[in-house]
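> This is the content of run11.txt (compact mmCIF, N, CA and C atoms):
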```
# COMPACT_ATOMS: atom_id res chain seq x y z
N MET A 1 104.81 126.26 107.06
CA MET A 1 104.12 126.60 105.83
C MET A 1 103.18 125.45 105.46
N LYS A 2 102.01 125.80 105.03
CA LYS A 2 101.01 124.80 104.66
C LYS A 2 101.44 124.07 103.39
N ASP A 3 101.10 122.78 103.33
CA ASP A 3 101.38 121.99 102.13
C ASP A 3 100.12 121.99 101.26
N TYR A 4 100.10 122.87 100.29
CA TYR A 4 98.92 123.03 99.45
C TYR A 4 98.65 121.80 98.59
N TYR A 5 99.70 121.10 98.20
CA TYR A 5 99.51 119.89 97.41
C TYR A 5 98.79 118.82 98.25
N TYR A 6 99.15 118.73 99.50
CA TYR A 6 98.50 117.77 100.40
C TYR A 6 97.04 118.16 100.63
N ILE A 7 96.79 119.45 100.82
CA ILE A 7 95.42 119.91 101.07
C ILE A 7 94.51 119.56 99.90
N LEU A 8 95.00 119.76 98.68
CA LEU A 8 94.18 119.43 97.50
C LEU A 8 94.27 117.96 97.10
N GLY A 9 95.24 117.24 97.65
CA GLY A 9 95.38 115.81 97.33
C GLY A 9 95.91 115.56 95.94
N VAL A 10 96.84 116.41 95.49
CA VAL A 10 97.43 116.24 94.16
C VAL A 10 98.95 116.12 94.31
N PRO A 11 99.61 115.45 93.35
CA PRO A 11 101.07 115.38 93.41
C PRO A 11 101.70 116.72 93.05
N LYS A 12 102.97 116.89 93.38
CA LYS A 12 103.65 118.16 93.15
C LYS A 12 103.81 118.50 91.67
N ASP A 13 103.77 117.50 90.81
CA ASP A 13 103.91 117.76 89.39
C ASP A 13 102.57 117.73 88.66
N ALA A 14 101.49 117.91 89.39
CA ALA A 14 100.14 117.84 88.82
C ALA A 14 99.90 119.00 87.85
N PRO A 15 99.27 118.71 86.70
CA PRO A 15 98.92 119.79 85.78
C PRO A 15 97.75 120.61 86.33
N ILE A 16 97.54 121.77 85.76
CA ILE A 16 96.51 122.69 86.24
C ILE A 16 95.12 122.05 86.16
N ALA A 17 94.89 121.20 85.17
CA ALA A 17 93.57 120.55 85.04
C ALA A 17 93.28 119.65 86.25
N SER A 18 94.29 118.94 86.73
CA SER A 18 94.10 118.09 87.91
C SER A 18 93.86 118.92 89.16
N ILE A 19 94.54 120.05 89.25
CA ILE A 19 94.37 120.94 90.40
C ILE A 19 92.96 121.51 90.41
N GLN A 20 92.46 121.93 89.24
CA GLN A 20 91.10 122.46 89.15
C GLN A 20 90.06 121.41 89.49
N LYS A 21 90.28 120.19 89.01
CA LYS A 21 89.33 119.11 89.28
C LYS A 21 89.30 118.79 90.77
N ALA A 22 90.46 118.74 91.41
CA ALA A 22 90.53 118.46 92.84
C ALA A 22 89.86 119.58 93.63
N TYR A 23 90.09 120.83 93.22
CA TYR A 23 89.48 121.97 93.90
C TYR A 23 87.95 121.91 93.79
N GLN A 24 87.44 121.64 92.61
CA GLN A 24 85.99 121.58 92.42
C GLN A 24 85.37 120.48 93.29
N LYS A 25 86.02 119.33 93.31
CA LYS A 25 85.50 118.21 94.09
C LYS A 25 85.49 118.54 95.58
N LEU A 26 86.59 119.07 96.08
CA LEU A 26 86.69 119.38 97.51
C LEU A 26 85.83 120.57 97.92
N SER A 27 85.73 121.55 97.03
CA SER A 27 84.93 122.72 97.39
C SER A 27 83.44 122.37 97.49
N LEU A 28 82.98 121.47 96.66
CA LEU A 28 81.58 121.01 96.78
C LEU A 28 81.38 120.22 98.07
N LYS A 29 82.35 119.38 98.40
CA LYS A 29 82.22 118.53 99.58
C LYS A 29 82.32 119.32 100.88
N PHE A 30 83.21 120.33 100.95
CA PHE A 30 83.48 121.04 102.19
C PHE A 30 82.92 122.46 102.23
N HIS A 31 82.09 122.83 101.28
CA HIS A 31 81.55 124.19 101.28
C HIS A 31 80.69 124.39 102.53
N PRO A 32 80.90 125.50 103.24
CA PRO A 32 80.16 125.73 104.49
C PRO A 32 78.64 125.79 104.30
N ASP A 33 78.18 126.28 103.17
CA ASP A 33 76.73 126.36 102.94
C ASP A 33 76.10 124.98 102.86
N ASN A 34 76.86 124.00 102.40
CA ASN A 34 76.34 122.63 102.29
C ASN A 34 76.45 121.87 103.61
N ASN A 35 77.15 122.45 104.59
CA ASN A 35 77.40 121.74 105.84
C ASN A 35 76.97 122.53 107.07
N GLY A 36 75.90 123.24 106.97
CA GLY A 36 75.33 123.95 108.11
C GLY A 36 76.18 125.10 108.62
N ASN A 37 77.03 125.65 107.77
CA ASN A 37 77.89 126.78 108.10
C ASN A 37 78.75 126.49 109.35
N ASP A 38 79.19 125.23 109.47
CA ASP A 38 80.02 124.80 110.59
C ASP A 38 81.41 125.43 110.50
N LEU A 39 82.01 125.75 111.63
CA LEU A 39 83.31 126.40 111.68
C LEU A 39 84.40 125.55 111.05
N PHE A 40 84.39 124.23 111.32
CA PHE A 40 85.39 123.34 110.74
C PHE A 40 85.35 123.39 109.23
N PHE A 41 84.17 123.29 108.64
CA PHE A 41 84.04 123.30 107.19
C PHE A 41 84.42 124.65 106.61
N ARG A 42 84.10 125.71 107.31
CA ARG A 42 84.46 127.06 106.85
C ARG A 42 85.99 127.20 106.79
N GLN A 43 86.68 126.75 107.85
CA GLN A 43 88.14 126.86 107.89
C GLN A 43 88.78 125.95 106.84
N TYR A 44 88.28 124.75 106.69
CA TYR A 44 88.85 123.84 105.69
C TYR A 44 88.59 124.36 104.28
N PHE A 45 87.42 124.92 104.06
CA PHE A 45 87.11 125.50 102.75
C PHE A 45 88.05 126.67 102.46
N ASP A 46 88.37 127.47 103.47
CA ASP A 46 89.33 128.57 103.29
C ASP A 46 90.71 128.03 102.92
N ASN A 47 91.13 126.94 103.55
CA ASN A 47 92.41 126.32 103.20
C ASN A 47 92.41 125.81 101.76
N ILE A 48 91.31 125.19 101.36
CA ILE A 48 91.20 124.69 99.98
C ILE A 48 91.25 125.84 98.99
N SER A 49 90.54 126.91 99.28
CA SER A 49 90.53 128.07 98.40
C SER A 49 91.91 128.72 98.30
N GLU A 50 92.58 128.83 99.43
CA GLU A 50 93.93 129.40 99.45
C GLU A 50 94.90 128.54 98.64
N ALA A 51 94.80 127.23 98.79
CA ALA A 51 95.67 126.32 98.04
C ALA A 51 95.41 126.46 96.54
N PHE A 52 94.16 126.50 96.16
CA PHE A 52 93.84 126.65 94.73
C PHE A 52 94.31 127.99 94.20
N HIS A 53 94.15 129.04 94.99
CA HIS A 53 94.57 130.38 94.58
C HIS A 53 96.06 130.41 94.27
N VAL A 54 96.86 129.74 95.08
CA VAL A 54 98.31 129.73 94.87
C VAL A 54 98.71 128.79 93.74
N LEU A 55 98.17 127.57 93.72
CA LEU A 55 98.61 126.57 92.76
C LEU A 55 98.04 126.77 91.36
N SER A 56 96.98 127.53 91.23
CA SER A 56 96.39 127.73 89.90
C SER A 56 97.11 128.81 89.10
N ASP A 57 97.89 129.64 89.75
CA ASP A 57 98.64 130.70 89.08
C ASP A 57 100.10 130.26 88.95
N ASP A 58 100.63 130.24 87.73
CA ASP A 58 101.98 129.74 87.49
C ASP A 58 103.03 130.50 88.29
N HIS A 59 102.93 131.81 88.35
CA HIS A 59 103.92 132.61 89.07
C HIS A 59 103.88 132.32 90.57
N ARG A 60 102.68 132.29 91.14
CA ARG A 60 102.55 132.01 92.58
C ARG A 60 103.01 130.59 92.90
N ARG A 61 102.67 129.66 92.01
CA ARG A 61 103.07 128.26 92.23
C ARG A 61 104.59 128.13 92.20
N TYR A 62 105.24 128.82 91.28
CA TYR A 62 106.70 128.77 91.19
C TYR A 62 107.32 129.32 92.48
N ARG A 63 106.82 130.45 92.95
CA ARG A 63 107.35 131.04 94.19
C ARG A 63 107.08 130.13 95.39
N TYR A 64 105.90 129.51 95.43
CA TYR A 64 105.57 128.60 96.51
C TYR A 64 106.50 127.38 96.52
N ASP A 65 106.72 126.80 95.34
CA ASP A 65 107.60 125.63 95.24
C ASP A 65 109.02 125.97 95.69
N ARG A 66 109.50 127.14 95.31
CA ARG A 66 110.84 127.56 95.75
C ARG A 66 110.89 127.73 97.26
N ALA A 67 109.85 128.30 97.84
CA ALA A 67 109.81 128.49 99.29
C ALA A 67 109.76 127.15 100.01
N ILE A 68 109.00 126.21 99.50
CA ILE A 68 108.93 124.88 100.10
C ILE A 68 110.29 124.20 100.03
N ASN A 69 110.96 124.29 98.89
CA ASN A 69 112.28 123.66 98.76
C ASN A 69 113.28 124.31 99.70
N ARG A 70 113.23 125.62 99.86
CA ARG A 70 114.13 126.31 100.78
C ARG A 70 113.87 125.85 102.21
N GLU A 71 112.59 125.69 102.55
CA GLU A 71 112.23 125.25 103.90
C GLU A 71 112.75 123.84 104.16
N ASP A 72 112.68 122.96 103.16
CA ASP A 72 113.20 121.60 103.31
C ASP A 72 114.71 121.62 103.53
N ILE A 73 115.41 122.46 102.78
CA ILE A 73 116.86 122.55 102.92
C ILE A 73 117.22 123.07 104.30
N GLU A 74 116.52 124.09 104.77
CA GLU A 74 116.79 124.64 106.11
C GLU A 74 116.52 123.61 107.18
N ALA A 75 115.50 122.77 107.01
CA ALA A 75 115.20 121.73 107.99
C ALA A 75 116.33 120.71 108.02
N ASP A 76 116.87 120.34 106.86
CA ASP A 76 117.97 119.39 106.80
C ASP A 76 119.21 119.95 107.48
N VAL A 77 119.48 121.22 107.26
CA VAL A 77 120.65 121.85 107.86
C VAL A 77 120.49 121.94 109.37
N SER A 78 119.29 122.22 109.85
CA SER A 78 119.08 122.35 111.29
C SER A 78 119.29 121.01 111.99
N GLU A 79 119.01 119.90 111.31
CA GLU A 79 119.26 118.60 111.90
C GLU A 79 120.75 118.34 112.07
N LEU A 80 121.57 118.93 111.19
CA LEU A 80 123.01 118.72 111.25
C LEU A 80 123.71 119.70 112.16
N SER A 81 123.03 120.73 112.59
CA SER A 81 123.68 121.73 113.43
C SER A 81 123.89 121.19 114.83
N GLY A 82 124.82 121.81 115.53
CA GLY A 82 125.13 121.38 116.88
C GLY A 82 126.55 120.84 116.92
N PRO A 83 127.02 120.51 118.11
CA PRO A 83 128.39 120.04 118.23
C PRO A 83 128.55 118.65 117.62
N ALA A 84 129.73 118.39 117.12
CA ALA A 84 130.03 117.08 116.54
C ALA A 84 130.12 116.06 117.66
N PRO A 85 129.75 114.82 117.41
CA PRO A 85 129.85 113.81 118.45
C PRO A 85 131.31 113.50 118.78
N LEU A 86 131.57 113.19 120.01
CA LEU A 86 132.92 112.86 120.45
C LEU A 86 133.11 111.36 120.35
N ILE A 87 134.26 110.95 119.83
CA ILE A 87 134.59 109.53 119.74
C ILE A 87 135.45 109.21 120.96
N SER A 88 134.94 108.39 121.84
CA SER A 88 135.67 108.08 123.06
C SER A 88 136.59 106.88 122.88
N PHE A 89 136.25 105.96 121.94
CA PHE A 89 137.06 104.78 121.77
C PHE A 89 136.95 104.31 120.33
N PHE A 90 138.08 103.91 119.75
CA PHE A 90 138.08 103.40 118.39
C PHE A 90 139.10 102.28 118.33
N PHE A 91 138.72 101.16 117.72
CA PHE A 91 139.63 100.03 117.62
C PHE A 91 139.47 99.41 116.24
N ALA A 92 140.58 99.09 115.62
CA ALA A 92 140.56 98.40 114.33
C ALA A 92 141.81 97.55 114.22
N SER A 93 141.65 96.36 113.68
CA SER A 93 142.80 95.50 113.43
C SER A 93 142.48 94.59 112.26
N LYS A 94 143.51 94.00 111.67
CA LYS A 94 143.30 93.10 110.54
C LYS A 94 142.57 91.84 110.97
N SER A 95 142.85 91.34 112.14
CA SER A 95 142.18 90.12 112.59
C SER A 95 140.70 90.35 112.84
N ALA A 96 140.34 91.51 113.36
CA ALA A 96 138.92 91.80 113.57
C ALA A 96 138.21 91.94 112.25
N ARG A 97 138.89 92.47 111.25
CA ARG A 97 138.29 92.64 109.93
C ARG A 97 138.05 91.30 109.27
N LYS A 98 138.98 90.37 109.41
CA LYS A 98 138.85 89.05 108.80
C LYS A 98 137.70 88.25 109.41
N LYS A 99 137.47 88.45 110.70
CA LYS A 99 136.41 87.72 111.38
C LYS A 99 135.01 88.26 111.01
N GLY A 100 134.97 89.47 110.56
CA GLY A 100 133.68 90.03 110.17
C GLY A 100 133.29 91.12 111.06
```
Can you give me the file's structure in the form of structure tokens?

Amino acid sequence: MKDYYYILGVPKDAPIASIQKAYQKLSLKFHPDNNGNDLFFRQYFDNISEAFHVLSDDHRRYRYDRAINREDIEADVSELSGPAPLISFFFASKSARKKG
């Protein structure tokens, strides 16, 4: 899933005014008409527009944030999945503890 906050360069708790300001700045800079209708600028401008479309609407932003959080949780769980490591040798004694 795309990170819309990263695309617009705003923090996750940014107010709507900051999101609008970032969108306006980036859309002027990366607009395809201003850059010879290059494919890179067209695709990046589409990403910027998509990010603004989602983050500027409270309902869409709430759903997006929940999806991102769910994705983070699933990634953490996937790192923990798999067989548990086997302990082949374990040693402990009071003298070893005293030595450090």
> Tell me, in Å to one decimal, how far atom C of Arg63 of chain A is from atom CA of Lys21 of chain A.
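Rounded to one decimal, the two atoms are 21.8 Å apart.
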> Closest to Gln24 of chain A among A:Asn37, A:Phe52, A:Pro11, A:Met1, using only C-alpha atoms?
A:Phe52
> For segment 6-10 of chain A, find every residue with an atom within 10 Å (counting only C-alpha atoms), except residues of its own chain fewer than 2 positions away, and show them as number ranges by chain.
A: 2-4, 12-15, 18-27, 44, 47-52, 55
> So how many Å separate atom N of Phe41 of chain A and atom C of Val54 of chain A, to one decimal?
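Interatomic distance, atom N of Phe41 of chain A to atom C of Val54 of chain A: 21.5 Å.
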> Mind giving me the straight-line distance from atom N of Tyr64 of chain A to atom CA of Ile16 of chain A in Å, one decimal?
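Rounded to one decimal, the two atoms are 14.8 Å apart.
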> Can you sort out the box for segment 40-44 of chain A, edges along x, y and z, all listed atoms in, 8 Å on every side, with centre and edge lengths in Å to one decimal, as lines of an AutoDock Vina configuration file?

```
center_x = 86.4
center_y = 125.2
center_z = 107.8
size_x = 20.8
size_y = 19.9
size_z = 23.0
```
